[in-house]
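Novice: Shown below is the structure under consideration.
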Amino acid sequence: MSALLEVKDLVVTVGPRKILNGLSLSIDAGSVHAIMGPNGSGKSTLGYALAGRPGYEITGGSVLYRGEDLLALPAEERARAGLFLGFQYPVEIPGVNNVYLLKAAINAARKAKGLPEVDAFEFLQLVRAKMKLMQMDEAFLSRGVNEGFSGGEKKRNEILQMLVLEPTLAVLDETDSGLDIDALKVVARGVNTLRSEHRAVLLITHYQRLLDHIVPDHVHVLARGRIVKSGDRSLALELERRGYDWVLEAA
Amino acid sequence: MTTETQNYDALVGRQYRHGFVTDIESDTLPPGLDEDVVRFISRKKKEPEFLTEWRLRALRHWLTMREPSWAHVRIKPIDYQAISYYSAPKSKADAPKSLAEVDPKLLATYDKLGVPLHERARLAGVAVDAVFDSVSVATTFKQRLADAGVIFGSFSEAVQNHPELIEQYLGTVVPHTDNFFAALNSAVFTDGSFVYVPQGVRCPMELSTYFRINAANTGQFERTLIIAEAGSHVSYLEGCTAPMRDENQLHAAVVELVALDDAQIKYSTVQNWYPGDENGVGGIYNFVTKRGECRGRNSKISWTQVETGSAITWKYPSCVLRGDNSVGEFYSVATATNYQQADTGTKMIHIGANTKSTIVSKGISAGHGQNAYRGLVKILPSAHGARNFTQCDSLLLGGDCGAHTFPYVEVKNPDATIEHEASTSKISDDQLFYCLQRGISQEDAVNMIVSGFCKTVFKELPMEFAVEAQALLAVTLEGAVG
């Protein structure tokens, strides 16, 4: 069986700068991968490039998603095809209800599949159940998207959206940054409930501690725009002990 | 000054040179404006003497005035002598014979707005004689109002049936000398709406121009007067979200509201006149004077407007807060796309003690549109404990448009409280990408972000109107980004 996501020799340029330079990565359904690496190594760029953010120009390589050319699709179609990006800095959209955005998102995906719009009552039931899991207050539903949210609330909101949209591939960009330990556990529990043999998760993180709660199958080190080392869970522990320098020197 | 006087003399003298004689039997006047024209209109409408005289005083005053030039708009000079000030219902000869002859773009817009089929022909000005359902609806509607004692009808009807009310209230909020366009309107207005809500009556339904029979053809100089007696309550909806075809370029309406003790008037407008094409050709000039007076204690006047149409909008719905504890509100969404220009805002004049006003203005500019908020908050020495809160937000879509804010504050009482908040923002790439990444199309994302921006105003609109206004905004801003 072919991989869910197959990234080959990916080169990504932002403005005048080449950020990713021949990155290759293969992710099978059912697995959790973690990408670690020093600041400025291109971790967030990988997330944006996969999600199709304008301005992130693909100048080389290929990406197959479920066997098809992901790069040929515009951003919204990638999302509807089950690719979810949890943002490092979720943006505020004043005056737009969280529940409204969620509903628009779920219906956009359903429409693309030729399904009717979601039943309003069932939808609300579903959202409420997921909110309970994320320990979020009911009042949250009627607040503006990320409007006046604390850093932790914004991250929980990202995971809530992910749980409602049930993506096939979730790319989570530093979802753990800015979370205290209790919030980290809640977020990790959310991600873990999504794990299944049909889905995959790509965690982008600085810190090993997230991986105590979401145990990855594979760990990669991203440096200078490419994967320089891959291993299992123990690689993350070693990185925490020894830092990145030894990997960079070896690469 | 001398030149000016000469110019006016020339204007006044013009009719004689052209040898034009007013003919009471004729249905349409040739272009031009003088006392004979005003008398002709008044006679045509069988008006009482006081009204004819009032019109003439307005005309005489207008002749001494100049067009205002302070608005932030570019405008070609208007030749007021080139306009015909009276025409009977338009000849159907020139009108489209069926929807098949109507501009397909207009029809597409109706489609997007979900305008009922039987309404489309009327809006597009198709010459049909069919009687619509709305007529029978309107009849039932009138009966319910009559039972409640509410008078609601055309201004002309009111002049015939309730001349004493017209004489008592007309021009008491917007005097015939008020400004250039109000004076012009006072001289030549042809029709409009009249509402009278008796003491203690809560109007049993929203009053809408939609239900006023003969609402079409009120002409370019519309006059509206709403009187809410002590303890009464009325909500009035003006306009229509569907774009209307109109051949008159200049529109100068006057709206006067009077709220007595404990009375409340809520006035909602959706203005969607033809804005001109994408190159800025054509389009309506909309120069409106709207003012309400909270004459009684504890009275309240609330203006809500959604302005998406017209090539040029010049409009400041205002409140004179004369009664103690009276409240004035202004909620506005104004859009300017293509080459539209909007200069709009409000005036809140605090005279009574403990008077309160709230201003929320949301300006959206796209294309080459120019949007200006112009507002005055004036606290007179008598207005002890007066309070005002103003919030002015502008949203820019694209790089060629503009947003301008001109807030004026005059405070003559030291214990007044004034708050002003203002912001200008753009729809950010971050916001757009966030929505795209959730699978939402760019167009839906823009609509969603704009609706969010306008939310505090939309929630002031009556429910049905709010939904329509949202759809209208979506159609107006279609393709504005990207």
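Chains: A, B, ... in order of the structure tokens. Residues: from 1 per chain. Ligands: from 1, in order shown.
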With a distance threshold of 10 Å and counting only C-alpha atoms, extract the residues of chain A near chain B and express them as a count of residues only.
Specialist: 44
Novice: Hey, what's within 7 Å of Tyr236 (chain B) if we count only C-alpha atoms and toss same-chain stuff fewer than 4 positions away? As a list in words, please?
Specialist: Glu206, Leu207, Ser208, Lys266, Tyr267 and Ser268 of chain B
Novice: Limited to N, CA and C atoms, could you put the picked residues into a file as a tab-separated table (two decimals), in the first residue's frame?
Specialist:
chain	number	residue	atom	x	y	z
B	206	GLU	N	-44.21	46.23	11.82
B	206	GLU	CA	-43.19	47.09	11.23
B	206	GLU	C	-43.82	47.79	10.03
B	207	LEU	N	-43.64	49.07	9.93
B	207	LEU	CA	-44.17	49.78	8.77
B	207	LEU	C	-43.09	49.78	7.69
B	208	SER	N	-43.50	49.38	6.50
B	208	SER	CA	-42.51	49.29	5.45
B	208	SER	C	-43.03	49.98	4.21
B	266	LYS	N	-38.00	53.85	15.60
B	266	LYS	CA	-36.84	53.13	15.06
B	266	LYS	C	-36.96	53.21	13.54
B	267	TYR	N	-35.96	53.76	12.90
B	267	TYR	CA	-36.02	53.98	11.45
B	267	TYR	C	-34.88	53.22	10.79
B	268	SER	N	-35.22	52.23	9.98
B	268	SER	CA	-34.18	51.42	9.34
B	268	SER	C	-34.21	51.62	7.83
Novice: A:Thr168, A:Thr193, A:Ser177, A:Ser142: which is nearest Lys130 (chain A), counting only C-alpha atoms?
Specialist: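 Between A:Thr168, A:Thr193, A:Ser177, A:Ser142, the residue approaching Lys130 (chain A) most closely is A:Thr193.
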Novice: Rounded to one decimal in Å, what is the spacing between CA of Ala250 (chain A) and CA of Val221 (chain A)?
Specialist: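 Taking CA of Ala250 (chain A) and CA of Val221 (chain A), their separation equals 12.0 Å.
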Novice: Write out as an NGL selection string which residues come within 12 Å of Thr45 (chain A) when counting only C-alpha atoms, dropping same-chain ones fewer than 5 positions away.
Specialist: :A and (10-14 or 17-21 or 23 or 39-40 or 50-58 or 85 or 87-88 or 171 or 173 or 204 or 222 or 224-226)
Novice: Give me the residues within 9 Å of region 295-309 of chain B as number ranges by chain, counting only C-alpha atoms and dropping any in the same chain fewer than 6 places off.
Specialist: B: 230-231, 243, 257-276, 283-284, 286, 317-337, 340, 342, 352, 355, 457-458, 460-461, 469, 472-473, 476
Novice: Need to verify the contact set: Glu238 (chain A), 12 Å, only C-alpha atoms, exclusion of same-chain residues closer than 3 positions in sequence. Can you return it as a PyMOL selection string?
Specialist: chain A and resi 36+207-208+219+221+231-235+241-247
Novice: The selected residues should be written to file as a short mmCIF file (atom, residue, chain, number, x, y, z; two decimals), in the first residue's frame (atoms: N, CA and C atoms).
Specialist:
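Once written, selection_0.cif looks like this:
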data_model
loop_
_atom_site.label_atom_id
_atom_site.label_comp_id
_atom_site.auth_asym_id
_atom_site.auth_seq_id
_atom_site.Cartn_x
_atom_site.Cartn_y
_atom_site.Cartn_z
N MET A 36 11.05 17.77 14.50
CA MET A 36 11.69 18.67 15.45
C MET A 36 12.81 19.38 14.73
N TYR A 207 9.66 20.88 21.45
CA TYR A 207 9.93 20.26 22.74
C TYR A 207 9.50 18.81 22.79
N GLN A 208 10.26 18.06 23.47
CA GLN A 208 10.02 16.65 23.68
C GLN A 208 8.77 16.42 24.53
N VAL A 219 10.24 10.04 14.50
CA VAL A 219 10.72 11.38 14.83
C VAL A 219 11.75 11.78 13.79
N VAL A 221 14.41 15.02 12.33
CA VAL A 221 15.05 16.30 12.61
C VAL A 221 15.13 17.08 11.31
N GLY A 231 14.25 8.75 13.20
CA GLY A 231 14.37 7.65 14.14
C GLY A 231 13.04 7.41 14.80
N ASP A 232 13.06 6.67 15.91
CA ASP A 232 11.81 6.47 16.62
C ASP A 232 11.76 7.41 17.82
N ARG A 233 10.86 7.13 18.71
CA ARG A 233 10.61 7.94 19.89
C ARG A 233 11.91 8.30 20.65
N SER A 234 12.85 7.34 20.68
CA SER A 234 14.07 7.55 21.48
C SER A 234 14.92 8.70 20.94
N LEU A 235 14.76 8.99 19.63
CA LEU A 235 15.52 10.11 19.05
C LEU A 235 15.12 11.43 19.73
N ARG A 241 18.21 15.52 25.54
CA ARG A 241 19.40 15.39 26.36
C ARG A 241 20.58 16.14 25.73
N ARG A 242 20.76 15.98 24.43
CA ARG A 242 22.01 16.42 23.80
C ARG A 242 21.89 17.68 22.94
N GLY A 243 20.62 18.15 22.69
CA GLY A 243 20.47 19.30 21.80
C GLY A 243 20.58 18.87 20.35
N TYR A 244 20.65 19.88 19.45
CA TYR A 244 20.64 19.56 18.02
C TYR A 244 22.03 19.50 17.40
N ASP A 245 23.01 20.07 18.10
CA ASP A 245 24.32 20.25 17.46
C ASP A 245 24.93 18.97 16.91
N TRP A 246 24.86 17.89 17.70
CA TRP A 246 25.48 16.64 17.25
C TRP A 246 24.85 16.12 15.96
N VAL A 247 23.53 16.36 15.81
CA VAL A 247 22.87 15.92 14.58
C VAL A 247 23.36 16.75 13.40
#
Novice: What residues in region 24-103 of chain A get the DSSP label helix (DSSP H, G or I)? Please answer as a PDB file with N, CA and C atoms, in the first residue's frame.
Specialist:
ATOM      1  N   LYS A  43      10.369  24.455   9.733  1.00  0.00           N
ATOM      2  CA  LYS A  43       9.279  23.593  10.194  1.00  0.00           C
ATOM      3  C   LYS A  43       7.904  24.157   9.819  1.00  0.00           C
ATOM      4  N   SER A  44       7.696  25.460  10.131  1.00  0.00           N
ATOM      5  CA  SER A  44       6.389  26.053   9.822  1.00  0.00           C
ATOM      6  C   SER A  44       6.181  26.149   8.316  1.00  0.00           C
ATOM      7  N   THR A  45       7.281  26.392   7.592  1.00  0.00           N
ATOM      8  CA  THR A  45       7.187  26.481   6.131  1.00  0.00           C
ATOM      9  C   THR A  45       6.655  25.173   5.541  1.00  0.00           C
ATOM     10  N   LEU A  46       7.090  24.059   6.110  1.00  0.00           N
ATOM     11  CA  LEU A  46       6.597  22.765   5.633  1.00  0.00           C
ATOM     12  C   LEU A  46       5.076  22.691   5.787  1.00  0.00           C
ATOM     13  N   GLY A  47       4.585  23.116   6.964  1.00  0.00           N
ATOM     14  CA  GLY A  47       3.140  23.108   7.208  1.00  0.00           C
ATOM     15  C   GLY A  47       2.405  23.987   6.205  1.00  0.00           C
ATOM     16  N   TYR A  48       2.905  25.218   6.014  1.00  0.00           N
ATOM     17  CA  TYR A  48       2.256  26.151   5.090  1.00  0.00           C
ATOM     18  C   TYR A  48       2.297  25.630   3.658  1.00  0.00           C
ATOM     19  N   ALA A  49       3.446  25.064   3.275  1.00  0.00           N
ATOM     20  CA  ALA A  49       3.590  24.581   1.896  1.00  0.00           C
ATOM     21  C   ALA A  49       2.611  23.441   1.633  1.00  0.00           C
ATOM     22  N   LEU A  50       2.470  22.545   2.607  1.00  0.00           N
ATOM     23  CA  LEU A  50       1.524  21.441   2.438  1.00  0.00           C
ATOM     24  C   LEU A  50       0.089  21.963   2.358  1.00  0.00           C
ATOM     25  N   ALA A  51      -0.210  23.009   3.152  1.00  0.00           N
ATOM     26  CA  ALA A  51      -1.577  23.542   3.186  1.00  0.00           C
ATOM     27  C   ALA A  51      -1.860  24.472   2.013  1.00  0.00           C
ATOM     28  N   LEU A  70      -0.921  16.673  -4.667  1.00  0.00           N
ATOM     29  CA  LEU A  70      -1.485  17.647  -3.719  1.00  0.00           C
ATOM     30  C   LEU A  70      -1.246  19.077  -4.186  1.00  0.00           C
ATOM     31  N   LEU A  71      -0.080  19.305  -4.800  1.00  0.00           N
ATOM     32  CA  LEU A  71       0.322  20.668  -5.152  1.00  0.00           C
ATOM     33  C   LEU A  71      -0.539  21.262  -6.262  1.00  0.00           C
ATOM     34  N   ALA A  72      -1.290  20.412  -6.959  1.00  0.00           N
ATOM     35  CA  ALA A  72      -2.158  20.905  -8.032  1.00  0.00           C
ATOM     36  C   ALA A  72      -3.443  21.520  -7.485  1.00  0.00           C
ATOM     37  N   ALA A  75      -5.630  25.847  -1.916  1.00  0.00           N
ATOM     38  CA  ALA A  75      -5.648  25.618  -0.471  1.00  0.00           C
ATOM     39  C   ALA A  75      -6.976  25.064   0.034  1.00  0.00           C
ATOM     40  N   GLU A  76      -8.104  25.677  -0.419  1.00  0.00           N
ATOM     41  CA  GLU A  76      -9.394  25.262   0.146  1.00  0.00           C
ATOM     42  C   GLU A  76      -9.729  23.825  -0.243  1.00  0.00           C
ATOM     43  N   GLU A  77      -9.275  23.411  -1.450  1.00  0.00           N
ATOM     44  CA  GLU A  77      -9.574  22.032  -1.862  1.00  0.00           C
ATOM     45  C   GLU A  77      -8.719  21.021  -1.102  1.00  0.00           C
ATOM     46  N   ARG A  78      -7.511  21.418  -0.751  1.00  0.00           N
ATOM     47  CA  ARG A  78      -6.681  20.533   0.081  1.00  0.00           C
ATOM     48  C   ARG A  78      -7.372  20.312   1.427  1.00  0.00           C
ATOM     49  N   ALA A  79      -7.918  21.412   1.978  1.00  0.00           N
ATOM     50  CA  ALA A  79      -8.597  21.310   3.266  1.00  0.00           C
ATOM     51  C   ALA A  79      -9.801  20.385   3.155  1.00  0.00           C
ATOM     52  N   ARG A  80     -10.578  20.572   2.075  1.00  0.00           N
ATOM     53  CA  ARG A  80     -11.787  19.748   1.902  1.00  0.00           C
ATOM     54  C   ARG A  80     -11.426  18.286   1.681  1.00  0.00           C
ATOM     55  N   ASN A  98     -17.506  31.429  16.410  1.00  0.00           N
ATOM     56  CA  ASN A  98     -16.780  30.167  16.278  1.00  0.00           C
ATOM     57  C   ASN A  98     -17.650  29.100  15.641  1.00  0.00           C
ATOM     58  N   VAL A  99     -18.884  29.043  16.104  1.00  0.00           N
ATOM     59  CA  VAL A  99     -19.775  27.986  15.626  1.00  0.00           C
ATOM     60  C   VAL A  99     -20.107  28.206  14.152  1.00  0.00           C
ATOM     61  N   TYR A 100     -20.177  29.479  13.763  1.00  0.00           N
ATOM     62  CA  TYR A 100     -20.472  29.806  12.368  1.00  0.00           C
ATOM     63  C   TYR A 100     -19.344  29.360  11.449  1.00  0.00           C
ATOM     64  N   LEU A 101     -18.116  29.647  11.887  1.00  0.00           N
ATOM     65  CA  LEU A 101     -16.951  29.253  11.090  1.00  0.00           C
ATOM     66  C   LEU A 101     -16.884  27.730  10.957  1.00  0.00           C
ATOM     67  N   LEU A 102     -17.112  27.064  12.081  1.00  0.00           N
ATOM     68  CA  LEU A 102     -17.064  25.600  12.078  1.00  0.00           C
ATOM     69  C   LEU A 102     -18.088  25.003  11.118  1.00  0.00           C
ATOM     70  N   LYS A 103     -19.268  25.580  11.158  1.00  0.00           N
ATOM     71  CA  LYS A 103     -20.346  25.076  10.322  1.00  0.00           C
ATOM     72  C   LYS A 103     -20.033  25.333   8.843  1.00  0.00           C
TER      73      LYS A 103
END
Novice: Can you list, as a list in words, every protein, DNA or RNA residue that comes within 8 Å of Val127 (chain A) when you count only C-alpha atoms, leaving out same-chain residues fewer than 4 positions away?
Specialist: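 Counting only C-alpha atoms, the residues come to Phe123, Met131 and Val164 of chain A.
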Novice: Include C-alpha atoms and write out the residues we just selected as a compact mmCIF listing (two decimals), in the first residue's frame.
Specialist:
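selection.txt was written with the following content:
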# COMPACT_ATOMS: atom_id res chain seq x y z
CA PHE A 123 -24.08 19.61 14.37
CA MET A 131 -16.02 20.93 23.49
CA VAL A 164 -15.06 18.48 14.42
Novice: Using Å and a single decimal, report how far CA of Gly15 (chain A) sits from CA of His33 (chain A).
Specialist: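 Straight-line distance from CA of His33 (chain A) to CA of Gly15 (chain A) works out to 28.5 Å.
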Novice: Considering only strand (DSSP E or B) as DSSP defines it on the backbone, what residues of region 85-145 of chain A qualify? List them as an NGL selection string.
Specialist: :A and (85-86 or 93-97 or 144-145)
Novice: Dump C-alpha atoms for the selected residues as a PDB file, in the first residue's frame?
Specialist:
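Saved to result.pdb:
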ATOM      1  CA  LEU A  85      -3.318  22.679   9.572  1.00  0.00           C
ATOM      2  CA  GLY A  86      -3.353  23.602  13.241  1.00  0.00           C
ATOM      3  CA  ILE A  93     -11.714  37.144  13.044  1.00  0.00           C
ATOM      4  CA  PRO A  94     -13.807  39.676  14.967  1.00  0.00           C
ATOM      5  CA  GLY A  95     -17.584  39.315  14.896  1.00  0.00           C
ATOM      6  CA  VAL A  96     -17.573  35.878  13.251  1.00  0.00           C
ATOM      7  CA  ASN A  97     -18.913  33.228  15.636  1.00  0.00           C
ATOM      8  CA  GLY A 144     -15.809  35.663  17.759  1.00  0.00           C
ATOM      9  CA  VAL A 145     -13.187  33.362  16.215  1.00  0.00           C
TER      10      VAL A 145
END
Novice: Would you mind listing what lies within 10 Å of Val191 (chain A) as a list in words, with only C-alpha atoms counted and same-chain residues fewer than 4 positions away left out?
Specialist: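 In the requested form, the answer reads Ile159, Leu160, Met162, Leu163, Ala170, Leu172, Lys185, Val186, Val187, Arg195, Val201, His213 and Ile214 of chain A.
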Novice: Put those residues in a file: C-alpha atoms, as a PDB file, in the first residue's frame.
Specialist:
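Heads up, here's the output in out-v5.pdb:
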ATOM      1  CA  ILE A 159      -7.810  21.152  18.244  1.00  0.00           C
ATOM      2  CA  LEU A 160     -11.570  21.538  18.629  1.00  0.00           C
ATOM      3  CA  MET A 162      -9.693  19.490  14.087  1.00  0.00           C
ATOM      4  CA  LEU A 163     -11.934  17.138  16.089  1.00  0.00           C
ATOM      5  CA  ALA A 170      -3.504  16.743  10.582  1.00  0.00           C
ATOM      6  CA  LEU A 172      -0.107  20.597  13.983  1.00  0.00           C
ATOM      7  CA  LYS A 185      -2.720  17.275  28.549  1.00  0.00           C
ATOM      8  CA  VAL A 186      -6.137  18.391  27.296  1.00  0.00           C
ATOM      9  CA  VAL A 187      -4.732  19.167  23.852  1.00  0.00           C
ATOM     10  CA  ARG A 195      -5.677   8.671  16.060  1.00  0.00           C
ATOM     11  CA  VAL A 201      -0.746  13.224  12.376  1.00  0.00           C
ATOM     12  CA  HIS A 213       1.556  12.750  25.817  1.00  0.00           C
ATOM     13  CA  ILE A 214       1.226  12.108  22.103  1.00  0.00           C
TER      14      ILE A 214
END
Novice: Using CA of Arg143 (chain A) and CA of Glu174 (chain A) as the two end points, give the distance in Å to one decimal.
Specialist: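 Going from CA of Arg143 (chain A) over to CA of Glu174 (chain A), I get 23.9 Å.
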